Amino acid sequence: MKQLSAILLSILCTSVIFGQTLTFEEVSSWEKDQKLDFTDYVASNGQVFKIGESFNIGTPETADAIFNNITVRALGNVMSVGMKWARKASEITGFNIKGSKRQGYYVQALGKNPVGGGKMLVEVELALKSGEIESTVMSRSEAIAKLKEAKDLLDLDMMTSDEYEALKKELEPIIRN
């Protein structure tokens, strides 16, 4: 009995210490609300967001210089934010699951307000797609451009064929995806 208790306690502590990773695919396939505690979120483009790590805020997607997918909650109110947030970094302090069965579910990151008090709220997927938060994952078009540039360097004898082949092998999954 003591051994069973020790094993169960070990499993519980391991899951609490190491947390849980949630992916875009999991969240988007939900048919009912889930109450989960998780420390990592893998977005649709493969970028990993972790509690305690920072991400960079991009620029607003709208012409009126207001962020659509980033807001701040202060003193019980949720407010839009503008250009003073652009090009700042924010530390992730937690995650929420938002949405409904009818609308679908999505992940909202909670962050430290980089310009004052309150909590920053970020709709991760929409903010990534709109450029309101910067992606650290190379896009297909960026990978193609990088490979073309490397080919030019190879042709100019400014890169060895081994270096080119290594880069090609690294970029191929991104390009073929």
# chains A, B, ... in the order shown; residues from 1 in each chain; ligands from 1
$ closest_atom_pairs --of "segment 57-99 of chain A" --to "segment 22-30 of chain A" --cutoff "12 Å" --atoms "only C-alpha atoms" --output "CSV"
residue,atom,partner,partner_atom,distance
A:Phe95,CA,A:Leu22,CA,10.4
A:Asn96,CA,A:Leu22,CA,11.4
A:Ile97,CA,A:Val27,CA,8.4
A:Lys98,CA,A:Val27,CA,9.9
A:Gly99,CA,A:Val27,CA,10.2
$ write_last_selection --atoms "N, CA, C and O atoms" --output "mmCIF file, in the first residue's frame"
data_model
loop_
_atom_site.group_PDB
_atom_site.id
_atom_site.type_symbol
_atom_site.label_atom_id
_atom_site.label_comp_id
_atom_site.auth_asym_id
_atom_site.auth_seq_id
_atom_site.Cartn_x
_atom_site.Cartn_y
_atom_site.Cartn_z
ATOM 1 N N PHE A 95 -2.478 31.197 -19.139
ATOM 2 C CA PHE A 95 -3.320 30.971 -20.310
ATOM 3 C C PHE A 95 -4.762 30.793 -19.871
ATOM 4 O O PHE A 95 -5.026 30.298 -18.779
ATOM 5 N N ASN A 96 -5.678 31.167 -20.735
ATOM 6 C CA ASN A 96 -7.104 30.887 -20.577
ATOM 7 C C ASN A 96 -7.609 30.185 -21.820
ATOM 8 O O ASN A 96 -7.089 30.405 -22.911
ATOM 9 N N ILE A 97 -8.639 29.371 -21.652
ATOM 10 C CA ILE A 97 -9.368 28.817 -22.789
ATOM 11 C C ILE A 97 -10.642 29.645 -22.920
ATOM 12 O O ILE A 97 -11.368 29.822 -21.956
ATOM 13 N N LYS A 98 -10.889 30.142 -24.107
ATOM 14 C CA LYS A 98 -12.073 30.953 -24.370
ATOM 15 C C LYS A 98 -12.872 30.322 -25.496
ATOM 16 O O LYS A 98 -12.392 29.461 -26.212
ATOM 17 N N GLY A 99 -14.108 30.774 -25.663
ATOM 18 C CA GLY A 99 -14.944 30.322 -26.764
ATOM 19 C C GLY A 99 -16.125 29.497 -26.294
ATOM 20 O O GLY A 99 -16.447 29.435 -25.109
#
$ residues_around --residues "Val122 of chain A" --least-positions-apart "2" --cutoff "9 Å" --atoms "only C-alpha atoms" --output "number ranges by chain"
A: 69-72, 107-111, 120, 124-127, 133
$ closest_residue --among "A:Leu121, A:Val48, A:Ile66, A:Met159" --to "Val78 of chain A" --atoms "only C-alpha atoms"
A:Leu121
$ closest_residue --among "A:Leu75, A:Leu36, A:Val42, A:Leu171" --to "Ser141 of chain A" --atoms "only C-alpha atoms"
A:Leu171
$ select_by_dssp --residues "segment 55-118 of chain A" --states "strand (DSSP E)" --output "NGL selection string"
:A and (55-56 or 66-74 or 77-82 or 89-100 or 104-112)
$ write_last_selection --atoms "C-alpha atoms" --output "compact mmCIF listing (two decimals), in the first residue's frame"
# COMPACT_ATOMS: atom_id res chain seq x y z
CA PHE A 55 7.15 37.25 -26.84
CA ASN A 56 7.39 40.36 -28.98
CA ILE A 66 -5.48 49.90 -32.48
CA PHE A 67 -4.67 46.27 -31.72
CA ASN A 68 -7.63 43.99 -32.48
CA ASN A 69 -6.34 40.88 -30.75
CA ILE A 70 -4.48 42.38 -27.81
CA THR A 71 -6.25 44.16 -24.97
CA VAL A 72 -5.51 45.09 -21.38
CA ARG A 73 -7.62 44.36 -18.32
CA ALA A 74 -7.18 46.95 -15.59
CA ASN A 77 -12.32 46.93 -17.46
CA VAL A 78 -11.05 45.49 -20.73
CA MET A 79 -9.60 48.21 -22.95
CA SER A 80 -8.13 48.43 -26.44
CA VAL A 81 -4.50 49.39 -26.80
CA GLY A 82 -2.64 51.32 -29.46
CA ALA A 89 8.07 42.50 -25.19
CA SER A 90 5.74 40.87 -22.70
CA GLU A 91 6.19 37.94 -20.35
CA ILE A 92 3.50 35.24 -20.41
CA THR A 93 1.97 34.75 -16.96
CA GLY A 94 -0.75 32.24 -17.82
CA PHE A 95 -3.32 30.97 -20.31
CA ASN A 96 -7.10 30.89 -20.58
CA ILE A 97 -9.37 28.82 -22.79
CA LYS A 98 -12.07 30.95 -24.37
CA GLY A 99 -14.94 30.32 -26.76
CA SER A 100 -17.93 28.02 -27.00
CA GLY A 104 -15.07 27.10 -31.34
CA TYR A 105 -12.44 27.26 -28.63
CA TYR A 106 -9.19 29.21 -28.61
CA VAL A 107 -6.28 30.02 -26.34
CA GLN A 108 -5.79 33.42 -24.76
CA ALA A 109 -2.38 34.23 -23.32
CA LEU A 110 -2.13 36.42 -20.24
CA GLY A 111 0.87 38.68 -20.07
CA LYS A 112 2.46 41.48 -18.14
$ atom_distance --atom1 "atom CA of Ala65 of chain A" --atom2 "atom CA of Asn113 of chain A"
17.8 Å
